[in-house]
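Q: What follows is structure38.cif, made up of mmCIF, C-alpha atoms:
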```
data_start
#
loop_
_atom_site.group_PDB
_atom_site.id
_atom_site.type_symbol
_atom_site.label_atom_id
_atom_site.label_comp_id
_atom_site.auth_asym_id
_atom_site.auth_seq_id
_atom_site.Cartn_x
_atom_site.Cartn_y
_atom_site.Cartn_z
ATOM 1 C CA MET M 160 0.000 0.000 0.000
ATOM 2 C CA MET M 161 2.852 2.366 0.879
ATOM 3 C CA SER M 162 4.664 1.598 -2.402
ATOM 4 C CA LEU M 163 1.553 2.409 -4.442
ATOM 5 C CA THR M 164 1.254 5.779 -2.670
ATOM 6 C CA ARG M 165 4.909 6.654 -3.416
ATOM 7 C CA LEU M 166 4.462 5.655 -7.062
ATOM 8 C CA SER M 167 1.406 7.865 -7.485
ATOM 9 C CA GLN M 168 3.261 10.826 -5.909
ATOM 10 C CA ALA M 169 6.279 10.297 -8.206
ATOM 11 C CA SER M 170 3.975 10.163 -11.236
ATOM 12 C CA ALA M 171 2.353 13.401 -10.144
ATOM 13 C CA ARG M 172 5.729 15.165 -9.866
ATOM 14 C CA THR M 173 6.775 13.899 -13.299
ATOM 15 C CA LEU M 174 3.603 15.160 -14.902
ATOM 16 C CA SER M 175 3.974 18.556 -13.267
ATOM 17 C CA ARG M 176 7.516 18.924 -14.720
ATOM 18 C CA SER M 177 6.522 17.959 -18.261
ATOM 19 C CA PRO M 178 6.176 20.905 -20.687
ATOM 20 C CA ALA M 179 2.781 22.294 -21.462
ATOM 21 C CA PRO M 180 1.292 21.370 -24.788
ATOM 22 C CA ALA M 181 2.404 23.751 -27.567
ATOM 23 C CA THR M 182 -0.027 26.471 -28.576
ATOM 24 C CA PRO M 183 -0.756 26.421 -32.282
ATOM 25 C CA VAL M 184 0.886 29.374 -34.096
ATOM 26 C CA ARG M 185 -0.959 31.083 -36.882
ATOM 27 C CA ILE M 186 1.192 32.299 -39.767
ATOM 28 C CA ALA M 187 -0.109 35.459 -41.306
ATOM 29 C CA ARG M 188 0.023 35.708 -45.051
ATOM 30 C CA VAL M 189 1.861 38.740 -46.428
ATOM 31 C CA THR M 190 0.484 40.060 -49.652
ATOM 32 C CA LEU M 191 2.795 42.221 -51.758
ATOM 33 C CA SER M 192 0.859 44.961 -53.416
ATOM 34 C CA THR M 193 2.102 46.639 -56.569
ATOM 35 C CA THR M 194 -0.234 49.565 -56.113
ATOM 36 C CA ASP M 195 1.002 53.096 -55.207
ATOM 37 C CA PRO M 196 1.524 53.311 -51.422
ATOM 38 C CA GLY M 197 0.149 56.822 -51.459
ATOM 39 C CA PRO M 198 1.358 60.355 -51.979
ATOM 40 C CA ARG M 199 4.884 61.141 -50.861
ATOM 41 C CA LYS M 200 5.524 63.539 -48.066
ATOM 42 C CA SER M 201 6.136 67.047 -49.272
ATOM 43 C CA LEU M 202 9.502 68.630 -48.609
ATOM 44 C CA VAL M 203 7.910 72.050 -48.323
ATOM 45 C CA THR M 204 6.773 73.123 -44.863
ATOM 46 C CA GLY M 205 4.146 75.650 -43.900
ATOM 47 C CA GLU M 206 6.418 77.762 -41.717
ATOM 48 C CA ASP M 207 7.676 81.241 -42.497
ATOM 49 C CA GLY M 208 11.290 82.155 -43.142
ATOM 50 C CA VAL M 209 13.928 80.951 -45.513
ATOM 51 C CA HIS M 210 15.376 78.225 -43.290
ATOM 52 C CA GLN M 211 12.006 76.465 -42.988
ATOM 53 C CA THR M 212 11.091 76.619 -46.681
ATOM 54 C CA MET M 213 12.299 73.060 -47.308
ATOM 55 C CA LYS M 214 12.737 70.264 -44.815
ATOM 56 C CA VAL M 215 16.050 69.256 -46.376
ATOM 57 C CA SER M 216 17.408 72.664 -45.455
ATOM 58 C CA LYS M 217 16.720 72.456 -41.735
ATOM 59 C CA SER M 218 20.277 71.312 -41.068
ATOM 60 C CA TRP M 219 21.379 74.779 -42.144
ATOM 61 C CA ARG M 220 18.873 76.554 -39.947
ATOM 62 C CA ASN M 221 21.215 77.552 -37.147
ATOM 63 C CA LYS M 222 24.359 77.981 -39.215
ATOM 64 C CA PRO M 223 25.611 81.565 -39.292
ATOM 65 C CA LEU M 224 26.636 82.823 -42.709
ATOM 66 C CA PHE M 225 29.439 84.853 -41.114
ATOM 67 C CA ARG M 226 31.008 84.787 -37.671
ATOM 68 C CA ARG M 227 32.637 88.190 -37.497
ATOM 69 C CA GLN M 228 31.776 90.207 -34.374
ATOM 70 C CA GLY M 229 29.003 87.772 -33.571
ATOM 71 C CA ASP M 230 27.010 85.226 -35.583
ATOM 72 C CA VAL M 231 25.314 86.684 -38.655
ATOM 73 C CA ARG M 232 22.283 84.801 -39.959
ATOM 74 C CA PHE M 233 19.713 85.504 -42.642
ATOM 75 C CA ARG M 234 16.026 84.760 -43.080
ATOM 76 C CA THR M 235 15.414 85.594 -46.743
ATOM 77 C CA GLY M 236 17.320 85.036 -49.944
ATOM 78 C CA SER M 237 17.587 88.782 -50.592
ATOM 79 C CA GLU M 238 19.073 89.264 -47.154
ATOM 80 C CA ALA M 239 21.639 86.524 -47.839
ATOM 81 C CA ALA M 240 22.581 88.129 -51.162
ATOM 82 C CA GLN M 241 23.023 91.511 -49.504
ATOM 83 C CA LEU M 242 25.216 90.019 -46.783
ATOM 84 C CA LEU M 243 27.443 88.458 -49.430
ATOM 85 C CA VAL M 244 27.697 91.713 -51.371
ATOM 86 C CA ASP M 245 28.593 93.575 -48.174
ATOM 87 C CA GLU M 246 31.332 91.020 -47.509
ATOM 88 C CA ALA M 247 32.730 91.519 -51.021
ATOM 89 C CA MET M 248 32.713 95.282 -50.483
ATOM 90 C CA ARG M 249 34.494 94.889 -47.165
ATOM 91 C CA ARG M 250 37.256 92.899 -48.839
ATOM 92 C CA ASP M 251 37.595 94.736 -52.163
ATOM 93 C CA SER M 252 35.630 97.982 -52.034
ATOM 94 C CA HIS M 253 38.100 99.667 -54.416
ATOM 95 C CA GLU M 254 37.423 97.165 -57.227
ATOM 96 C CA LYS M 255 34.252 98.625 -58.701
ATOM 97 C CA ALA M 256 33.889 96.259 -61.654
ATOM 98 C CA TYR M 257 34.216 93.231 -59.406
ATOM 99 C CA ILE M 258 31.626 94.537 -56.915
ATOM 100 C CA GLU M 259 29.158 95.231 -59.730
ATOM 101 C CA SER M 260 29.601 91.706 -61.106
ATOM 102 C CA VAL M 261 29.134 90.093 -57.686
ATOM 103 C CA ALA M 262 26.060 92.188 -56.870
ATOM 104 C CA SER M 263 24.440 91.411 -60.236
ATOM 105 C CA HIS M 264 24.953 87.648 -59.943
ATOM 106 C CA LEU M 265 23.963 87.329 -56.280
ATOM 107 C CA GLN M 266 20.778 89.325 -56.641
ATOM 108 C CA THR M 267 19.812 87.012 -59.502
ATOM 109 C CA LEU M 268 20.535 83.974 -57.316
ATOM 110 C CA SER M 269 18.570 85.249 -54.304
ATOM 111 C CA PRO M 270 15.480 83.087 -55.125
ATOM 112 C CA ILE M 271 17.746 80.020 -54.980
ATOM 113 C CA PHE M 272 19.025 81.092 -51.562
ATOM 114 C CA ASP M 273 15.390 81.487 -50.540
ATOM 115 C CA ARG M 274 14.557 77.979 -51.696
ATOM 116 C CA ASN M 275 17.616 76.227 -50.294
ATOM 117 C CA PRO M 276 19.886 78.245 -47.990
ATOM 118 C CA LYS M 277 22.916 75.972 -48.308
ATOM 119 C CA TYR M 278 23.724 77.555 -51.663
ATOM 120 C CA ALA M 279 24.354 80.856 -49.903
ATOM 121 C CA PHE M 280 27.247 79.149 -48.130
ATOM 122 C CA VAL M 281 28.489 77.843 -51.494
ATOM 123 C CA ALA M 282 28.313 81.368 -52.918
ATOM 124 C CA LYS M 283 30.366 82.625 -49.989
ATOM 125 C CA THR M 284 33.321 80.452 -51.052
ATOM 126 C CA LEU M 285 33.163 81.928 -54.567
ATOM 127 C CA LEU M 286 33.883 85.428 -53.312
ATOM 128 C CA GLU M 287 37.573 84.575 -53.193
ATOM 129 C CA PRO M 288 39.491 83.032 -56.129
ATOM 130 C CA GLU M 289 41.469 79.863 -55.516
ATOM 131 C CA ARG M 290 44.648 81.439 -56.849
ATOM 132 C CA HIS M 291 45.431 85.024 -57.824
ATOM 133 C CA ILE M 292 48.730 85.321 -59.727
ATOM 134 C CA GLN M 293 50.230 88.723 -60.471
ATOM 135 C CA PHE M 294 53.660 89.171 -61.998
ATOM 136 C CA ARG M 295 55.946 91.670 -63.700
ATOM 137 C CA VAL M 296 56.314 91.642 -67.492
ATOM 138 C CA ALA M 297 59.504 93.383 -68.633
ATOM 139 C CA TRP M 298 60.170 93.856 -72.348
ATOM 140 C CA ILE M 299 62.159 96.131 -74.704
ATOM 141 C CA ASP M 300 60.480 98.387 -77.267
ATOM 142 C CA ASP M 301 61.809 99.278 -80.713
ATOM 143 C CA THR M 302 63.855 102.197 -79.390
ATOM 144 C CA GLY M 303 65.681 99.999 -76.886
ATOM 145 C CA VAL M 304 63.841 101.295 -73.806
ATOM 146 C CA VAL M 305 62.903 98.796 -71.123
ATOM 147 C CA ARG M 306 59.121 98.803 -70.630
ATOM 148 C CA MET M 307 57.195 97.373 -67.713
ATOM 149 C CA ASN M 308 53.674 95.942 -67.542
ATOM 150 C CA ARG M 309 51.666 93.971 -65.049
ATOM 151 C CA GLY M 310 50.531 90.457 -65.877
ATOM 152 C CA TYR M 311 47.665 88.473 -64.329
ATOM 153 C CA ARG M 312 46.275 84.983 -64.183
ATOM 154 C CA ILE M 313 43.354 84.383 -61.831
ATOM 155 C CA GLN M 314 42.454 80.719 -61.422
ATOM 156 C CA TYR M 315 39.051 81.218 -59.894
ATOM 157 C CA SER M 316 37.407 77.836 -59.490
ATOM 158 C CA SER M 317 38.327 74.246 -60.345
ATOM 159 C CA SER M 318 35.151 72.652 -58.961
ATOM 160 C CA LEU M 319 34.094 71.292 -62.352
ATOM 161 C CA GLY M 320 37.495 70.551 -63.828
ATOM 162 C CA PRO M 321 40.795 72.134 -64.902
ATOM 163 C CA TYR M 322 40.907 75.890 -65.229
ATOM 164 C CA GLU M 323 40.030 77.349 -68.595
ATOM 165 C CA GLY M 324 39.643 80.991 -69.525
ATOM 166 C CA ALA M 325 40.564 83.800 -71.872
ATOM 167 C CA LEU M 326 43.518 86.158 -71.962
ATOM 168 C CA HIS M 327 42.818 89.895 -72.275
ATOM 169 C CA PHE M 328 45.282 92.635 -73.224
ATOM 170 C CA GLY M 329 44.426 96.309 -72.864
ATOM 171 C CA SER M 330 45.219 99.493 -70.976
ATOM 172 C CA HIS M 331 41.946 99.109 -69.013
ATOM 173 C CA ILE M 332 43.002 95.783 -67.431
ATOM 174 C CA ASN M 333 43.463 95.893 -63.656
ATOM 175 C CA ASN M 334 42.745 93.738 -60.600
ATOM 176 C CA GLY M 335 39.062 94.650 -60.465
ATOM 177 C CA VAL M 336 38.422 93.911 -64.140
ATOM 178 C CA MET M 337 40.293 90.608 -63.919
ATOM 179 C CA LYS M 338 38.343 89.433 -60.881
ATOM 180 C CA ALA M 339 35.050 90.516 -62.453
ATOM 181 C CA LEU M 340 35.784 88.556 -65.643
ATOM 182 C CA GLY M 341 36.910 85.561 -63.598
ATOM 183 C CA TYR M 342 33.744 85.638 -61.512
ATOM 184 C CA ASP M 343 31.621 85.807 -64.664
ATOM 185 C CA SER M 344 33.469 82.848 -66.166
ATOM 186 C CA ILE M 345 32.389 80.612 -63.247
ATOM 187 C CA PHE M 346 28.797 80.722 -64.439
ATOM 188 C CA SER M 347 29.442 80.945 -68.182
ATOM 189 C CA ASN M 348 31.738 77.902 -68.140
ATOM 190 C CA ALA M 349 29.293 75.969 -65.953
ATOM 191 C CA LEU M 350 26.521 76.497 -68.523
ATOM 192 C CA THR M 351 28.514 74.866 -71.321
ATOM 193 C CA GLY M 352 27.920 71.388 -69.896
ATOM 194 C CA PHE M 353 31.624 70.514 -70.046
ATOM 195 C CA ASP M 354 33.891 69.742 -67.101
ATOM 196 C CA ILE M 355 35.889 72.962 -67.172
ATOM 197 C CA GLY M 356 36.766 75.354 -64.399
ATOM 198 C CA ALA M 357 36.946 79.135 -64.418
ATOM 199 C CA ALA M 358 40.024 81.273 -65.000
ATOM 200 C CA VAL M 359 41.019 84.536 -66.637
ATOM 201 C CA GLY M 360 44.288 86.267 -67.411
ATOM 202 C CA GLY M 361 45.823 89.196 -69.183
ATOM 203 C CA SER M 362 47.901 92.326 -68.875
ATOM 204 C CA ASP M 363 47.573 96.117 -68.954
ATOM 205 C CA PHE M 364 49.555 96.051 -72.211
ATOM 206 C CA ASN M 365 47.895 97.873 -75.120
ATOM 207 C CA PRO M 366 48.545 95.915 -78.359
ATOM 208 C CA LEU M 367 46.910 98.463 -80.687
ATOM 209 C CA ASP M 368 49.811 100.900 -80.940
ATOM 210 C CA LYS M 369 52.665 98.374 -80.916
ATOM 211 C CA SER M 370 54.778 97.101 -83.777
ATOM 212 C CA GLU M 371 55.051 93.451 -84.751
ATOM 213 C CA ALA M 372 58.407 93.077 -83.044
ATOM 214 C CA GLU M 373 57.121 94.699 -79.846
ATOM 215 C CA LEU M 374 54.129 92.361 -79.777
ATOM 216 C CA GLN M 375 56.436 89.380 -80.124
ATOM 217 C CA ARG M 376 58.809 90.510 -77.392
ATOM 218 C CA PHE M 377 55.997 91.277 -74.974
ATOM 219 C CA CYS M 378 54.188 87.970 -75.582
ATOM 220 C CA GLN M 379 57.391 86.036 -75.101
ATOM 221 C CA SER M 380 58.109 87.822 -71.817
ATOM 222 C CA TYR M 381 54.516 87.340 -70.643
ATOM 223 C CA MET M 382 54.491 83.620 -71.450
ATOM 224 C CA THR M 383 57.880 83.075 -69.804
ATOM 225 C CA GLU M 384 56.214 83.767 -66.454
ATOM 226 C CA LEU M 385 52.739 82.425 -67.258
ATOM 227 C CA ALA M 386 54.100 79.019 -68.365
ATOM 228 C CA LYS M 387 54.778 78.140 -64.713
ATOM 229 C CA TYR M 388 51.057 78.026 -63.955
ATOM 230 C CA ILE M 389 49.359 76.607 -67.066
ATOM 231 C CA GLY M 390 49.351 73.347 -68.993
ATOM 232 C CA PRO M 391 47.173 70.351 -69.961
ATOM 233 C CA ASP M 392 44.862 69.204 -67.166
ATOM 234 C CA GLN M 393 45.844 72.309 -65.204
ATOM 235 C CA ASP M 394 44.971 75.573 -66.937
ATOM 236 C CA LEU M 395 44.164 76.219 -70.607
ATOM 237 C CA PRO M 396 44.094 79.830 -71.865
ATOM 238 C CA TYR M 397 42.529 80.981 -75.125
ATOM 239 C CA MET M 398 41.818 84.202 -77.010
ATOM 240 C CA GLY M 399 40.067 87.171 -75.452
ATOM 241 C CA MET M 400 39.882 90.945 -75.786
ATOM 242 C CA GLY M 401 43.028 92.306 -77.399
ATOM 243 C CA VAL M 402 44.423 88.803 -77.919
ATOM 244 C CA SER M 403 43.993 87.671 -81.505
ATOM 245 C CA GLN M 404 45.481 84.834 -83.540
ATOM 246 C CA GLU M 405 48.726 86.739 -83.875
ATOM 247 C CA GLU M 406 49.267 87.131 -80.130
ATOM 248 C CA MET M 407 48.272 83.521 -79.465
ATOM 249 C CA GLY M 408 50.838 82.362 -82.008
ATOM 250 C CA TYR M 409 53.617 84.251 -80.230
ATOM 251 C CA LEU M 410 52.433 82.988 -76.837
ATOM 252 C CA PHE M 411 52.282 79.361 -77.903
ATOM 253 C CA GLY M 412 55.635 79.580 -79.650
ATOM 254 C CA GLN M 413 57.265 80.721 -76.418
ATOM 255 C CA TYR M 414 55.392 78.044 -74.462
ATOM 256 C CA LYS M 415 56.807 75.352 -76.755
ATOM 257 C CA ARG M 416 60.340 76.635 -76.180
ATOM 258 C CA ILE M 417 59.890 76.421 -72.412
ATOM 259 C CA ASN M 418 57.843 73.244 -72.145
ATOM 260 C CA VAL M 419 58.755 70.213 -74.255
ATOM 261 C CA LYS M 420 55.414 68.513 -73.589
ATOM 262 C CA ALA M 421 53.410 71.265 -75.208
ATOM 263 C CA SER M 422 51.616 69.335 -77.957
ATOM 264 C CA ALA M 423 48.711 68.280 -75.719
ATOM 265 C CA ALA M 424 47.870 71.922 -74.984
ATOM 266 C CA GLY M 425 48.531 73.150 -78.498
ATOM 267 C CA ARG M 426 44.983 73.035 -79.789
ATOM 268 C CA TYR M 427 43.847 75.334 -76.999
ATOM 269 C CA PHE M 428 46.559 77.874 -77.734
ATOM 270 C CA LEU M 429 46.044 77.897 -81.471
ATOM 271 C CA SER M 430 43.850 80.456 -83.112
ATOM 272 C CA GLY M 431 40.801 78.200 -83.488
ATOM 273 C CA ALA M 432 40.460 77.494 -79.780
ATOM 274 C CA PHE M 433 38.045 80.319 -79.120
ATOM 275 C CA HIS M 434 35.890 79.413 -82.089
ATOM 276 C CA GLU M 435 35.884 75.772 -81.005
ATOM 277 C CA VAL M 436 34.615 76.656 -77.540
ATOM 278 C CA ARG M 437 32.023 79.021 -78.950
ATOM 279 C CA THR M 438 30.779 76.323 -81.340
ATOM 280 C CA ARG M 439 30.402 73.814 -78.504
ATOM 281 C CA VAL M 440 28.379 76.318 -76.463
ATOM 282 C CA ASN M 441 26.059 77.147 -79.346
#
```
Can you dump the structure from the file as structure tokens?

A:
Amino acid sequence: MMSLTRLSQASARTLSRSPAPATPVRIARVTLSTTDPGPRKSLVTGEDGVHQTMKVSKSWRNKPLFRRQGDVRFRTGSEAAQLLVDEAMRRDSHEKAYIESVASHLQTLSPIFDRNPKYAFVAKTLLEPERHIQFRVAWIDDTGVVRMNRGYRIQYSSSLGPYEGALHFGSHINNGVMKALGYDSIFSNALTGFDIGAAVGGSDFNPLDKSEAELQRFCQSYMTELAKYIGPDQDLPYMGMGVSQEEMGYLFGQYKRINVKASAAGRYFLSGAFHEVRTRVN
């Protein structure tokens, strides 16, 4: 009798330790629908002010455009353009042509700054060229007198590719005119659709009242210094105001004397380079 009682108790303990019967699991069927999930969320918000115009621009909301004597922020695209123009005037107020070019372009771009403020910060970097080269050009005129001119090459932006820009000779050429032409070339070269950067160069040399020999001597002296900063995949100059086929021939001839590997850049120095670029744009 005692053994039967112990057996029944042991059986009860064994049953209590056994796992509970598994609960049936229902597997839900997933149906993939090829229909449109619905309208996408709009990037445009209903808030006022430039920094809330688009949701993608909220990361720029608290970024100051300038940090001089306190953080300077803007709320409208026109205000951003005016801040950039004021900064250009603070840096180069004496260069009238350059200030006029900057003001004209930035006022045109103010709706873009209003739509997406990050481009105002991009425009701020374009106020200063990447490299501004100024050098002395010494040459001898037909009477044997040593003459002196000022040469320029402003390599403004290489964001899209190697620098490319015209050379301009004339008595009106100065720092302000060079920077204005270089700033204009950023946008004109970008509109061509080719991977070319922006550059401009020249000198305050007037080619209109010079003899053939004086033109040759000046161009050779100018290219002797300019050749240090140009070349294939680096900077490619072509014809501009006061620089015709004749001047380009003298310039390229001197470049070939200095640089043995000049054949790759030859087609950009030759007289048809400007017409080739103009044809591609049209």

Q: Which residues would end up in the selection if the PyMOL selection byres ((chain M and resi 259) around 12) were applied here, given that I need the answer as a ChimeraX atom specification?

A: /M:244-245,247-248,251-258,260-266,335-336,338-340,342-343

Q: Next, the residues of the selection above should be written as a PDB file, keeping the file's coordinate frame with C-alpha atoms.

A:
```pdb
ATOM      1  CA  VAL M 244      27.697  91.713 -51.371  1.00  0.00           C
ATOM      2  CA  ASP M 245      28.593  93.575 -48.174  1.00  0.00           C
ATOM      3  CA  ALA M 247      32.730  91.519 -51.021  1.00  0.00           C
ATOM      4  CA  MET M 248      32.713  95.282 -50.483  1.00  0.00           C
ATOM      5  CA  ASP M 251      37.595  94.736 -52.163  1.00  0.00           C
ATOM      6  CA  SER M 252      35.630  97.982 -52.034  1.00  0.00           C
ATOM      7  CA  HIS M 253      38.100  99.667 -54.416  1.00  0.00           C
ATOM      8  CA  GLU M 254      37.423  97.165 -57.227  1.00  0.00           C
ATOM      9  CA  LYS M 255      34.252  98.625 -58.701  1.00  0.00           C
ATOM     10  CA  ALA M 256      33.889  96.259 -61.654  1.00  0.00           C
ATOM     11  CA  TYR M 257      34.216  93.231 -59.406  1.00  0.00           C
ATOM     12  CA  ILE M 258      31.626  94.537 -56.915  1.00  0.00           C
ATOM     13  CA  SER M 260      29.601  91.706 -61.106  1.00  0.00           C
ATOM     14  CA  VAL M 261      29.134  90.093 -57.686  1.00  0.00           C
ATOM     15  CA  ALA M 262      26.060  92.188 -56.870  1.00  0.00           C
ATOM     16  CA  SER M 263      24.440  91.411 -60.236  1.00  0.00           C
ATOM     17  CA  HIS M 264      24.953  87.648 -59.943  1.00  0.00           C
ATOM     18  CA  LEU M 265      23.963  87.329 -56.280  1.00  0.00           C
ATOM     19  CA  GLN M 266      20.778  89.325 -56.641  1.00  0.00           C
ATOM     20  CA  GLY M 335      39.062  94.650 -60.465  1.00  0.00           C
ATOM     21  CA  VAL M 336      38.422  93.911 -64.140  1.00  0.00           C
ATOM     22  CA  LYS M 338      38.343  89.433 -60.881  1.00  0.00           C
ATOM     23  CA  ALA M 339      35.050  90.516 -62.453  1.00  0.00           C
ATOM     24  CA  LEU M 340      35.784  88.556 -65.643  1.00  0.00           C
ATOM     25  CA  TYR M 342      33.744  85.638 -61.512  1.00  0.00           C
ATOM     26  CA  ASP M 343      31.621  85.807 -64.664  1.00  0.00           C
TER      27      ASP M 343
END
```

Q: Can you measure atom CA of M:Tyr409 to atom CA of M:Asn348 for me? One decimal in Å is fine.

A: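 Between these atoms lies a distance of 25.8 Å.
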
Q: Extract, using all atoms listed in the file, all DNA, RNA and protein residues at most 6 Å from M:Tyr311, discarding same-chain residues fewer than 2 positions from it, and format them as a ChimeraX atom specification.

A: /M:292-293,360-362

Q: Could you name the residues that touch stretch 318-320 of chain M at 7 Å or less, counting all atoms listed in the file, but leaving out those on the same chain fewer than 2 positions away, as a ChimeraX atom specification?

A: /M:316,322,354-356

Q: Figure out the distance between atom CA of M:Asp363 and atom CA of M:Asp300, please, to one decimal in Å.

A: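 Computing it gives 15.5 Å between the two atoms.
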
Q: Just the number, please: distance in Å from atom CA of M:Ala239 to atom CA of M:Asp273, one decimal.

A: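 Answer for the atom CA of M:Ala239 to atom CA of M:Asp273 separation: 8.5 Å.
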
Q: If the PyMOL selection byres ((chain M and resi 242) around 10) is run on the structure shown, which residues does it catch, given as an mmCIF file with C-alpha atoms, in the frame of the given file?

A:
```cif
data_model
loop_
_atom_site.group_PDB
_atom_site.id
_atom_site.type_symbol
_atom_site.label_atom_id
_atom_site.label_comp_id
_atom_site.auth_asym_id
_atom_site.auth_seq_id
_atom_site.Cartn_x
_atom_site.Cartn_y
_atom_site.Cartn_z
ATOM 1 C CA LEU M 224 26.636 82.823 -42.709
ATOM 2 C CA PHE M 225 29.439 84.853 -41.114
ATOM 3 C CA VAL M 231 25.314 86.684 -38.655
ATOM 4 C CA ARG M 232 22.283 84.801 -39.959
ATOM 5 C CA PHE M 233 19.713 85.504 -42.642
ATOM 6 C CA GLY M 236 17.320 85.036 -49.944
ATOM 7 C CA SER M 237 17.587 88.782 -50.592
ATOM 8 C CA GLU M 238 19.073 89.264 -47.154
ATOM 9 C CA ALA M 239 21.639 86.524 -47.839
ATOM 10 C CA ALA M 240 22.581 88.129 -51.162
ATOM 11 C CA GLN M 241 23.023 91.511 -49.504
ATOM 12 C CA LEU M 243 27.443 88.458 -49.430
ATOM 13 C CA VAL M 244 27.697 91.713 -51.371
ATOM 14 C CA ASP M 245 28.593 93.575 -48.174
ATOM 15 C CA GLU M 246 31.332 91.020 -47.509
ATOM 16 C CA ALA M 247 32.730 91.519 -51.021
ATOM 17 C CA MET M 248 32.713 95.282 -50.483
ATOM 18 C CA LEU M 265 23.963 87.329 -56.280
ATOM 19 C CA ALA M 279 24.354 80.856 -49.903
ATOM 20 C CA LYS M 283 30.366 82.625 -49.989
#
```

Q: Once the PyMOL selection byres ((chain M and resi 285) around 10) has been evaluated on this model, what residues remain selected, and can you format them as a PDB file with C-alpha atoms, keeping the file's coordinate frame?

A:
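The file below, part_23.pdb, is the result:
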```
ATOM      1  CA  VAL M 261      29.134  90.093 -57.686  1.00  0.00           C
ATOM      2  CA  PHE M 280      27.247  79.149 -48.130  1.00  0.00           C
ATOM      3  CA  VAL M 281      28.489  77.843 -51.494  1.00  0.00           C
ATOM      4  CA  ALA M 282      28.313  81.368 -52.918  1.00  0.00           C
ATOM      5  CA  LYS M 283      30.366  82.625 -49.989  1.00  0.00           C
ATOM      6  CA  THR M 284      33.321  80.452 -51.052  1.00  0.00           C
ATOM      7  CA  LEU M 286      33.883  85.428 -53.312  1.00  0.00           C
ATOM      8  CA  GLU M 287      37.573  84.575 -53.193  1.00  0.00           C
ATOM      9  CA  PRO M 288      39.491  83.032 -56.129  1.00  0.00           C
ATOM     10  CA  GLU M 289      41.469  79.863 -55.516  1.00  0.00           C
ATOM     11  CA  TYR M 315      39.051  81.218 -59.894  1.00  0.00           C
ATOM     12  CA  SER M 316      37.407  77.836 -59.490  1.00  0.00           C
ATOM     13  CA  TYR M 342      33.744  85.638 -61.512  1.00  0.00           C
ATOM     14  CA  ILE M 345      32.389  80.612 -63.247  1.00  0.00           C
TER      15      ILE M 345
END
```

Q: How big is the axis-aligned box around all listed atoms of stretch 306-318 of chain M once 5 Å goes on each side, and where's its centre, in Å to one decimal, as AutoDock Vina command-line options?

A:
```
--center_x 47.1 --center_y 85.7 --center_z -64.8 --size_x 34.0 --size_y 36.2 --size_z 21.7
```

Q: I'd like to know which of M:Leu268, M:Ala358, M:Met407, M:Leu395 is closest to M:Cys378, using only C-alpha atoms.

A: M:Met407

Q: Of the candidates M:Ser403, M:Thr267, M:Thr235, M:Gln379, which shows the shortest atom-to-atom distance to M:His327, using only C-alpha atoms?

A: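 Once distances to M:His327 are computed over only C-alpha atoms, the minimum belongs to M:Ser403.
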
Q: Would you kindly return, as a PyMOL selection string, each protein, DNA or RNA residue with an atom no farther than 12 Å from any atom of M:Gly310, considering only C-alpha atoms and excluding same-chain residues fewer than 6 positions away?

A: chain M and resi 291-297+326-330+332-334+337+359-364+377-378+380-385

Q: Would you mind exporting C-alpha atoms of the selected residues as a compact mmCIF listing (two decimals), keeping the file's coordinate frame?

A:
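Result written to part_6.txt:
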```
# COMPACT_ATOMS: atom_id res chain seq x y z
CA HIS M 291 45.43 85.02 -57.82
CA ILE M 292 48.73 85.32 -59.73
CA GLN M 293 50.23 88.72 -60.47
CA PHE M 294 53.66 89.17 -62.00
CA ARG M 295 55.95 91.67 -63.70
CA VAL M 296 56.31 91.64 -67.49
CA ALA M 297 59.50 93.38 -68.63
CA LEU M 326 43.52 86.16 -71.96
CA HIS M 327 42.82 89.90 -72.28
CA PHE M 328 45.28 92.64 -73.22
CA GLY M 329 44.43 96.31 -72.86
CA SER M 330 45.22 99.49 -70.98
CA ILE M 332 43.00 95.78 -67.43
CA ASN M 333 43.46 95.89 -63.66
CA ASN M 334 42.74 93.74 -60.60
CA MET M 337 40.29 90.61 -63.92
CA VAL M 359 41.02 84.54 -66.64
CA GLY M 360 44.29 86.27 -67.41
CA GLY M 361 45.82 89.20 -69.18
CA SER M 362 47.90 92.33 -68.88
CA ASP M 363 47.57 96.12 -68.95
CA PHE M 364 49.56 96.05 -72.21
CA PHE M 377 56.00 91.28 -74.97
CA CYS M 378 54.19 87.97 -75.58
CA SER M 380 58.11 87.82 -71.82
CA TYR M 381 54.52 87.34 -70.64
CA MET M 382 54.49 83.62 -71.45
CA THR M 383 57.88 83.08 -69.80
CA GLU M 384 56.21 83.77 -66.45
CA LEU M 385 52.74 82.42 -67.26
```

Q: Name the closest residue to M:Asp301 among the candidates M:Ala386, M:Met400, M:Ile417, M:Ala372; distances are taken between atoms, counting all atoms listed in the file.

A: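 Going through M:Ala386, M:Met400, M:Ile417, M:Ala372 one by one, the smallest distance to M:Asp301 is for M:Ala372.
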
Q: Calculated over only C-alpha atoms, which of the candidates M:Leu410, M:Val304, M:Ala349, M:Ala357 has the smallest distance to M:Gln393?

A: M:Ala357
